[in-house]
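Undergrad: This one is my_file11.tsv, TSV, C-alpha atoms.
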chain	number	residue	atom	x	y	z
A	5	MET	CA	64.90	14.94	52.27
A	6	SER	CA	64.13	14.26	48.61
A	7	THR	CA	61.07	15.78	46.97
A	8	ARG	CA	57.97	13.60	46.96
A	9	TRP	CA	56.11	13.98	43.68
A	10	GLY	CA	52.52	13.27	42.74
A	11	LEU	CA	50.94	13.18	39.31
A	12	LEU	CA	47.26	13.55	38.47
A	13	GLY	CA	46.58	12.03	35.08
A	14	PHE	CA	48.48	9.40	33.13
A	15	GLY	CA	47.32	10.05	29.60
A	16	GLU	CA	49.68	10.78	26.74
A	17	ALA	CA	51.18	13.92	28.25
A	18	GLY	CA	51.20	12.46	31.77
A	19	ARG	CA	53.15	9.43	30.57
A	20	VAL	CA	55.80	11.62	28.95
A	21	ILE	CA	56.23	13.97	31.92
A	22	GLY	CA	55.79	11.23	34.51
A	23	GLY	CA	58.30	9.06	32.70
A	24	ALA	CA	60.82	11.90	32.65
A	25	LEU	CA	60.37	12.51	36.38
A	26	ALA	CA	60.70	8.82	37.23
A	27	ALA	CA	63.75	8.48	34.99
A	28	SER	CA	65.40	11.27	36.99
A	29	GLY	CA	64.98	9.17	40.14
A	30	ALA	CA	61.98	11.07	41.50
A	31	ASP	CA	59.77	9.46	44.15
A	32	LEU	CA	56.55	9.58	42.12
A	33	VAL	CA	53.02	8.35	42.77
A	34	VAL	CA	50.36	8.58	40.08
A	35	HIS	CA	46.59	8.74	40.19
A	36	ASP	CA	44.46	8.39	37.08
A	37	ARG	CA	40.72	7.84	37.15
A	38	LEU	CA	41.16	4.94	34.71
A	39	LEU	CA	42.90	2.99	37.47
A	40	LEU	CA	39.39	2.25	38.74
A	41	ASP	CA	38.11	1.19	35.33
A	42	ALA	CA	37.31	-2.52	35.29
A	43	SER	CA	38.58	-3.08	31.77
A	44	ARG	CA	41.57	-0.71	31.64
A	45	GLY	CA	42.71	-0.22	35.21
A	46	ARG	CA	45.21	-3.09	35.30
A	47	SER	CA	46.94	-2.00	32.09
A	48	VAL	CA	47.18	1.61	33.29
A	49	ALA	CA	48.65	0.47	36.61
A	50	ALA	CA	51.17	-1.68	34.74
A	51	ALA	CA	52.15	1.29	32.59
A	52	VAL	CA	52.66	3.45	35.68
A	53	ARG	CA	54.91	0.81	37.26
A	54	ALA	CA	56.80	0.33	33.99
A	55	ALA	CA	57.55	4.06	34.00
A	56	GLY	CA	59.10	3.73	37.46
A	57	ALA	CA	56.24	5.22	39.48
A	58	ARG	CA	53.65	3.86	41.93
A	59	PRO	CA	49.92	3.89	41.06
A	60	VAL	CA	47.32	4.91	43.65
A	61	ASP	CA	43.65	4.16	43.08
A	62	ASP	CA	42.33	7.13	45.06
A	63	VAL	CA	43.31	10.79	44.75
A	64	ALA	CA	43.75	10.73	48.52
A	65	GLY	CA	46.89	8.72	47.83
A	66	LEU	CA	48.52	11.98	46.76
A	67	ALA	CA	48.24	13.38	50.30
A	68	GLY	CA	51.62	14.23	51.76
A	69	ARG	CA	53.27	14.83	48.40
A	70	ASP	CA	55.48	17.93	48.19
A	71	VAL	CA	54.69	18.66	44.55
A	72	VAL	CA	51.62	17.54	42.59
A	73	LEU	CA	51.43	17.95	38.83
A	74	SER	CA	48.05	18.01	37.12
A	75	LEU	CA	48.01	16.62	33.57
A	76	VAL	CA	44.39	15.70	32.97
A	77	THR	CA	42.15	16.75	30.08
A	78	PRO	CA	41.41	20.49	29.84
A	79	ALA	CA	37.72	19.82	30.47
A	80	THR	CA	38.49	18.10	33.79
A	81	ALA	CA	41.28	20.36	35.09
A	82	LEU	CA	39.09	22.19	37.60
A	83	ALA	CA	37.31	19.02	38.70
A	84	ALA	CA	40.67	17.36	39.29
A	85	ALA	CA	41.78	20.24	41.52
A	86	GLU	CA	38.51	20.10	43.44
A	87	ALA	CA	38.87	16.34	43.91
A	88	PHE	CA	42.42	16.79	45.21
A	89	ALA	CA	41.49	19.64	47.58
A	90	PRO	CA	40.62	17.44	50.61
A	91	ALA	CA	44.01	15.71	50.32
A	92	ALA	CA	46.00	18.88	49.67
A	93	GLY	CA	48.22	19.72	52.59
A	94	ASP	CA	48.98	23.33	53.42
A	95	GLY	CA	51.81	24.58	51.24
A	96	VAL	CA	51.77	21.76	48.70
A	97	LEU	CA	53.07	22.98	45.35
A	98	TYR	CA	50.32	22.26	42.81
A	99	VAL	CA	51.46	22.73	39.22
A	100	ASP	CA	48.55	22.80	36.79
A	101	LEU	CA	50.03	21.92	33.39
A	102	ASN	CA	46.72	21.65	31.57
A	103	SER	CA	45.98	23.61	28.39
A	104	THR	CA	43.13	25.77	29.66
A	105	ALA	CA	42.12	29.42	29.59
A	106	PRO	CA	43.49	31.79	32.26
A	107	GLN	CA	40.07	31.88	33.93
A	108	VAL	CA	40.25	28.13	34.55
A	109	LYS	CA	43.70	28.48	36.13
A	110	GLU	CA	42.29	31.16	38.42
A	111	ALA	CA	39.42	28.83	39.34
A	112	VAL	CA	41.94	26.10	40.19
A	113	LEU	CA	43.69	28.60	42.45
A	114	GLY	CA	40.38	29.27	44.20
A	115	ALA	CA	39.67	25.56	44.60
A	116	LEU	CA	42.96	24.97	46.46
A	117	PRO	CA	43.23	27.73	49.08
A	118	GLY	CA	45.87	25.92	51.11
A	119	ALA	CA	48.07	25.03	48.17
A	120	ARG	CA	50.64	27.07	46.31
A	121	VAL	CA	49.25	26.93	42.78
A	122	VAL	CA	51.50	27.37	39.77
A	123	ASP	CA	50.10	27.89	36.30
A	124	GLY	CA	51.98	25.89	33.67
A	125	VAL	CA	51.68	25.09	29.98
A	126	MET	CA	53.62	23.02	27.47
A	127	THR	CA	54.36	24.45	24.02
A	128	GLY	CA	56.59	24.13	20.99
A	129	GLY	CA	56.01	20.57	19.87
A	130	GLY	CA	54.42	19.43	23.11
A	131	ILE	CA	54.06	15.76	23.81
A	132	ARG	CA	55.66	14.70	20.53
A	133	LEU	CA	58.99	15.56	22.14
A	134	ASP	CA	60.69	13.67	24.94
A	135	GLY	CA	60.11	15.02	28.42
A	136	SER	CA	63.43	16.82	28.73
A	137	ARG	CA	62.82	18.87	25.58
A	138	ILE	CA	59.21	19.97	26.05
A	139	PRO	CA	59.21	23.73	26.78
A	140	VAL	CA	57.28	24.27	30.02
A	141	SER	CA	56.24	27.85	30.80
A	142	LEU	CA	55.33	28.64	34.41
A	143	ALA	CA	53.63	31.57	36.13
A	144	GLY	CA	52.56	32.50	39.63
A	145	PRO	CA	54.18	33.64	42.89
A	146	ASP	CA	55.79	30.21	43.35
A	147	ALA	CA	56.73	29.64	39.72
A	148	ALA	CA	60.46	30.06	40.34
A	149	GLU	CA	60.45	27.29	42.94
A	150	ALA	CA	58.49	25.01	40.62
A	151	ALA	CA	60.88	25.79	37.77
A	152	GLY	CA	63.85	24.88	39.95
A	153	LEU	CA	62.33	21.57	40.99
A	154	LEU	CA	61.20	20.61	37.49
A	155	SER	CA	64.51	21.66	35.97
A	156	GLY	CA	66.30	19.61	38.60
A	157	ALA	CA	64.27	16.63	37.40
A	158	GLY	CA	65.47	17.22	33.85
A	159	LEU	CA	62.58	19.24	32.42
A	160	ASN	CA	62.94	22.38	30.29
A	161	THR	CA	61.28	25.26	32.18
A	162	ALA	CA	60.96	29.02	32.01
A	163	VAL	CA	59.18	31.47	34.32
A	164	VAL	CA	57.00	33.82	32.25
A	165	GLY	CA	55.04	35.74	34.86
A	166	ASP	CA	54.22	36.13	38.55
A	167	ARG	CA	50.43	35.88	38.19
A	168	VAL	CA	48.50	32.61	37.93
A	169	GLY	CA	46.92	32.65	34.48
A	170	ALA	CA	49.80	34.39	32.71
A	171	ALA	CA	51.27	31.18	31.29
A	172	ALA	CA	47.83	30.03	30.15
A	173	ALA	CA	47.26	33.38	28.46
A	174	LEU	CA	50.62	33.08	26.74
A	175	LYS	CA	49.67	29.72	25.25
A	176	MET	CA	46.21	30.92	24.19
A	177	LEU	CA	47.72	33.98	22.49
A	178	ARG	CA	50.33	31.84	20.79
A	179	SER	CA	47.41	29.90	19.38
A	180	VAL	CA	45.97	33.12	17.94
A	181	VAL	CA	49.09	33.29	15.79
A	182	VAL	CA	49.83	29.61	15.13
A	183	LYS	CA	46.28	28.34	14.72
A	184	GLY	CA	45.41	31.58	12.96
A	185	MET	CA	48.12	30.77	10.41
A	186	GLU	CA	46.67	27.27	10.14
A	187	ALA	CA	43.27	28.73	9.26
A	188	LEU	CA	44.77	31.35	6.92
A	189	TRP	CA	46.84	28.78	5.03
A	190	THR	CA	43.86	26.45	4.78
A	191	GLU	CA	41.61	29.13	3.33
A	192	ALA	CA	44.24	30.55	0.97
A	193	LEU	CA	45.34	27.16	-0.36
A	194	LEU	CA	41.78	25.95	-0.86
A	195	ALA	CA	41.08	29.07	-2.92
A	196	ALA	CA	44.42	28.68	-4.74
A	197	SER	CA	43.59	25.11	-5.64
A	198	GLU	CA	40.36	26.30	-7.27
A	199	MET	CA	42.43	28.68	-9.42
A	200	ASP	CA	45.27	26.17	-9.98
A	201	VAL	CA	47.90	28.46	-8.41
A	202	VAL	CA	48.91	26.47	-5.32
A	203	GLU	CA	52.61	26.19	-6.15
A	204	PRO	CA	53.03	29.83	-7.23
A	205	LEU	CA	51.28	30.95	-4.03
A	206	LEU	CA	53.55	28.80	-1.87
A	207	ALA	CA	56.62	30.19	-3.63
A	208	MET	CA	55.44	33.79	-3.33
A	209	VAL	CA	54.69	33.57	0.38
A	210	GLU	CA	57.84	31.55	1.04
A	211	GLU	CA	59.96	34.30	-0.53
A	212	THR	CA	58.34	36.89	1.74
A	213	LEU	CA	58.63	34.87	4.94
A	214	ASP	CA	62.21	33.83	4.30
A	215	ARG	CA	63.30	37.48	4.19
A	216	TRP	CA	62.30	38.24	7.78
A	217	PRO	CA	63.24	36.98	11.23
A	218	THR	CA	60.02	36.40	13.17
A	219	ARG	CA	60.33	39.40	15.51
A	220	ASP	CA	61.16	41.75	12.66
A	221	PHE	CA	58.28	40.38	10.60
A	222	ALA	CA	55.79	40.90	13.42
A	223	THR	CA	57.08	44.44	13.98
A	224	MET	CA	56.87	45.27	10.28
A	225	LEU	CA	53.31	43.96	10.01
A	226	VAL	CA	51.94	45.77	13.05
A	227	THR	CA	53.70	49.10	12.51
A	228	THR	CA	52.65	49.28	8.86
A	229	HIS	CA	49.13	48.21	9.84
A	230	VAL	CA	48.91	51.45	11.82
A	231	ALA	CA	50.21	53.43	8.88
A	232	HIS	CA	48.22	51.86	6.07
A	233	ALA	CA	44.99	50.37	7.46
A	234	GLY	CA	43.02	53.05	5.59
A	235	ARG	CA	44.08	51.89	2.15
A	236	ARG	CA	44.50	48.24	3.13
A	237	GLN	CA	40.83	47.97	4.05
A	238	VAL	CA	40.04	48.43	0.35
A	239	GLU	CA	42.47	45.68	-0.62
A	240	ALA	CA	41.10	43.47	2.17
A	241	ARG	CA	37.60	43.70	0.69
A	242	MET	CA	38.99	42.62	-2.68
A	243	VAL	CA	40.80	39.74	-0.96
A	244	ARG	CA	37.53	38.61	0.62
A	245	ASP	CA	35.70	38.85	-2.69
A	246	THR	CA	38.46	36.94	-4.51
A	247	VAL	CA	38.24	34.04	-2.06
A	248	ALA	CA	34.43	34.04	-2.21
A	249	ALA	CA	34.49	33.95	-6.01
A	250	THR	CA	36.33	30.62	-5.91
A	251	GLY	CA	33.50	29.08	-3.89
A	252	VAL	CA	35.57	28.89	-0.70
A	253	PRO	CA	33.84	30.56	2.28
A	254	PRO	CA	35.98	33.65	3.10
A	255	LEU	CA	35.96	33.16	6.87
A	256	MET	CA	39.48	34.41	7.54
A	257	ALA	CA	39.37	36.98	4.74
A	258	ALA	CA	36.24	38.46	6.31
A	259	ALA	CA	38.07	38.74	9.62
A	260	LEU	CA	40.89	40.52	7.78
A	261	VAL	CA	38.37	43.07	6.48
A	262	ALA	CA	36.95	43.58	9.97
A	263	ARG	CA	40.38	44.20	11.51
A	264	GLN	CA	41.45	46.67	8.81
A	265	GLU	CA	38.15	48.53	8.90
A	266	ARG	CA	38.18	48.79	12.70
A	267	THR	CA	41.71	50.21	12.76
A	268	ALA	CA	41.06	52.55	9.84
A	269	ALA	CA	37.93	53.98	11.46
A	270	GLY	CA	39.70	54.45	14.79
A	271	LEU	CA	42.67	56.19	13.20
A	272	GLU	CA	40.37	58.50	11.27
A	273	ARG	CA	38.49	59.48	14.43
A	274	THR	CA	41.72	60.28	16.26
A	275	GLY	CA	43.04	62.31	13.34
A	276	ARG	CA	46.29	60.36	12.95
A	277	PRO	CA	47.78	61.10	9.51
A	278	PRO	CA	47.76	58.12	7.14
A	279	GLY	CA	51.13	56.70	6.13
A	280	GLU	CA	52.83	57.57	9.42
A	281	VAL	CA	54.70	54.41	10.49
A	282	PRO	CA	55.36	54.09	14.25
A	283	ALA	CA	59.06	53.78	15.04
A	284	THR	CA	58.69	50.71	17.26
A	285	LEU	CA	56.33	47.82	17.91
A	286	ALA	CA	55.64	49.22	21.40
A	287	GLU	CA	54.60	52.56	19.90
A	288	ALA	CA	52.34	50.84	17.37
A	289	LEU	CA	50.62	48.81	20.06
A	290	GLU	CA	50.13	51.93	22.16
A	291	VAL	CA	48.45	53.66	19.23
A	292	LEU	CA	46.17	50.67	18.62
A	293	ARG	CA	45.28	50.36	22.32
A	294	GLY	CA	44.24	54.01	22.35
A	295	LEU	CA	41.87	53.83	19.39
A	296	PRO	CA	38.15	54.35	20.09
A	297	GLY	CA	36.03	51.19	19.77
Would it be possible to restate this file's structure as structure tokens?
TA:
Amino acid sequence: MSTRWGLLGFGEAGRVIGGALAASGADLVVHDRLLLDASRGRSVAAAVRAAGARPVDDVAGLAGRDVVLSLVTPATALAAAEAFAPAAGDGVLYVDLNSTAPQVKEAVLGALPGARVVDGVMTGGGIRLDGSRIPVSLAGPDAAEAAGLLSGAGLNTAVVGDRVGAAAALKMLRSVVVKGMEALWTEALLAASEMDVVEPLLAMVEETLDRWPTRDFATMLVTTHVAHAGRRQVEARMVRDTVAATGVPPLMAAALVARQERTAAGLERTGRPPGEVPATLAEALEVLRGLPG
């Protein structure tokens, strides 16, 4: 018997994923709260049908589905799971693909005691890509089954953990790096524009980044952070003061100072000699985890 699919949410992401499922020949029904909206319901229903799926006005219409994907807004992810709970049959595979914190994924798990909840996130370009190319990371005891079903429908999946919340944590931590770079670049380039050195700054950083593969760059930064936080805290204060002198609030530069000072103080209390570079990233992280607060 073919898999019966359900989809909660037919916004931008839901249309991409739902369209990919329907294009693969999946038996798909879709519920979106806008289907009940007097002014927009008919157009949403038409869009669902155009994608090759069947709209249902009530979440109860998802009862009996083998797999239900949730692609609502992050703020309504838990409410959507709670609304689906009365219709959720025992053993239904509920894949929460919303971009929420791990704690929300765990709350979804609690709201659906009879379901097999899988934590999922989309990354790496997200909904700007077509459905078959969006990287979908999955976690939970039933993640492998979900990955097999979604891959069979043409989606690009990977299992990243066996605990619900692990995929969500992965996306949030990716954002520490990616959105952190966004904030760092914004602050640095604003300050550079005040000093009329935007192009030289871009060229200087470009030369540094182009020398390193990402993994090697991360390893170099973290291992040398352990070795040199003591002296780098002094430079970090000068960085903060340089940004402030341009009139740009040194929000990220101040965070840089805090990180360097925290590590330096911890290393001093443990008596680790300055300048000693850990041999591996794992060793560096172990040293940092063991520092006193």
Undergrad: Of the candidates A:Ala85, A:Asp214, A:Gly22, A:Ala111, which one gets nearest to Leu154 in chain A if we count all atoms listed in the file?
TA: A:Gly22
Undergrad: Hey, what's within 12 Å of Glu287 in chain A if we count only C-alpha atoms and toss same-chain stuff fewer than 6 positions away? As a ChimeraX atom specification, please?
TA: /A:223,226-228,230-231,280-281,293-294
Undergrad: Selected residues, C-alpha atoms, written as a PDB file, in the coordinates of the input, please.
TA:
ATOM      1  CA  THR A 223      57.080  44.440  13.980  1.00  0.00           C
ATOM      2  CA  VAL A 226      51.940  45.770  13.050  1.00  0.00           C
ATOM      3  CA  THR A 227      53.700  49.100  12.510  1.00  0.00           C
ATOM      4  CA  THR A 228      52.650  49.280   8.860  1.00  0.00           C
ATOM      5  CA  VAL A 230      48.910  51.450  11.820  1.00  0.00           C
ATOM      6  CA  ALA A 231      50.210  53.430   8.880  1.00  0.00           C
ATOM      7  CA  GLU A 280      52.830  57.570   9.420  1.00  0.00           C
ATOM      8  CA  VAL A 281      54.700  54.410  10.490  1.00  0.00           C
ATOM      9  CA  ARG A 293      45.280  50.360  22.320  1.00  0.00           C
ATOM     10  CA  GLY A 294      44.240  54.010  22.350  1.00  0.00           C
TER      11      GLY A 294
END
Undergrad: Which residue out of A:Ala92, A:Ala269, A:Ala196, A:Val72 has the minimum interatomic distance to Arg235 in chain A when all atoms listed in the file are used?
TA: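 When distances to Arg235 in chain A are compared using all atoms listed in the file, the smallest one comes from A:Ala269.
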Undergrad: Would you list the contacts of Ala195 in chain A as a PyMOL selection string, taking every protein, DNA or RNA residue within 6 Å and counting all atoms listed in the file, but skipping same-chain residues closer than 5 positions in sequence?
TA: chain A and resi 247+250+252
Undergrad: I'd like the interatomic distance between CA of Val48 in chain A and CA of Arg137 in chain A, to a tenth of an Å.
TA: 24.5 Å
Undergrad: Could you check how far CA of Leu101 in chain A sits from CA of Arg167 in chain A, in Å to one decimal?
TA: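 The value is 14.8 Å.
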Undergrad: Using Å and a single decimal, report how far CA of Ala192 in chain A sits from CA of Thr267 in chain A.
TA: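 According to the coordinates, CA of Thr267 in chain A and CA of Ala192 in chain A are separated by 23.1 Å.
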Undergrad: Using only C-alpha atoms for the distances, tell me which of A:Val112, A:Val243, A:Ala248, A:Val168 is nearest to Leu142 in chain A.
TA: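 The shortest atom-to-atom distance to Leu142 in chain A comes from A:Val168.
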Undergrad: Can you tell me, as a PyMOL selection string, what residues are no more than 7 Å from Ala57 in chain A when counting all atoms listed in the file, ignoring any on the same chain fewer than 6 positions away?
TA: chain A and resi 26+32-34
Undergrad: Please identify all polymer residues within 10 Å of range 35-37 of chain A, counting only C-alpha atoms, omitting same-chain residues fewer than 2 positions from it, and present them as a list in words.
TA: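 Close residues of range 35-37 of chain A: Gly10, Leu11, Leu12, Gly13, Phe14, Gly15, Gly18, Val33, Leu39, Leu40, Asp41, Gly45, Val48, Ala49, Val52, Arg58, Pro59, Val60, Asp61, Asp62, Val63, Ala64, Gly65, Leu66, Ser74, Leu75, Val76 and Ala84 of chain A.
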Undergrad: Could you tell me which of A:His229, A:Arg46, A:Lys109, A:Lys183 comes closest to Gly169 in chain A if we count all atoms listed in the file?
TA: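 Of A:His229, A:Arg46, A:Lys109, A:Lys183, the one nearest Gly169 in chain A is A:Lys109, counting all atoms listed in the file.
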Undergrad: I'd like to know which of A:Thr77, A:Thr7, A:Ser47, A:Ala105 is closest to Leu177 in chain A, using all atoms listed in the file.
TA: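 Once distances to Leu177 in chain A are computed over all atoms listed in the file, the minimum belongs to A:Ala105.
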Undergrad: So that I can see what lies close to Gly124 in chain A, please list as a ChimeraX atom specification the residues with an atom at most 8 Å from it, counting only C-alpha atoms and leaving out residues fewer than 5 positions away in the same chain.
TA: /A:99-102,140-143,171-172
Undergrad: Would you mind telling me which residue in A:Pro106, A:Gly234, A:Pro278, A:Pro78 lies nearest to Gly144 in chain A when using all atoms listed in the file?
TA: A:Pro106
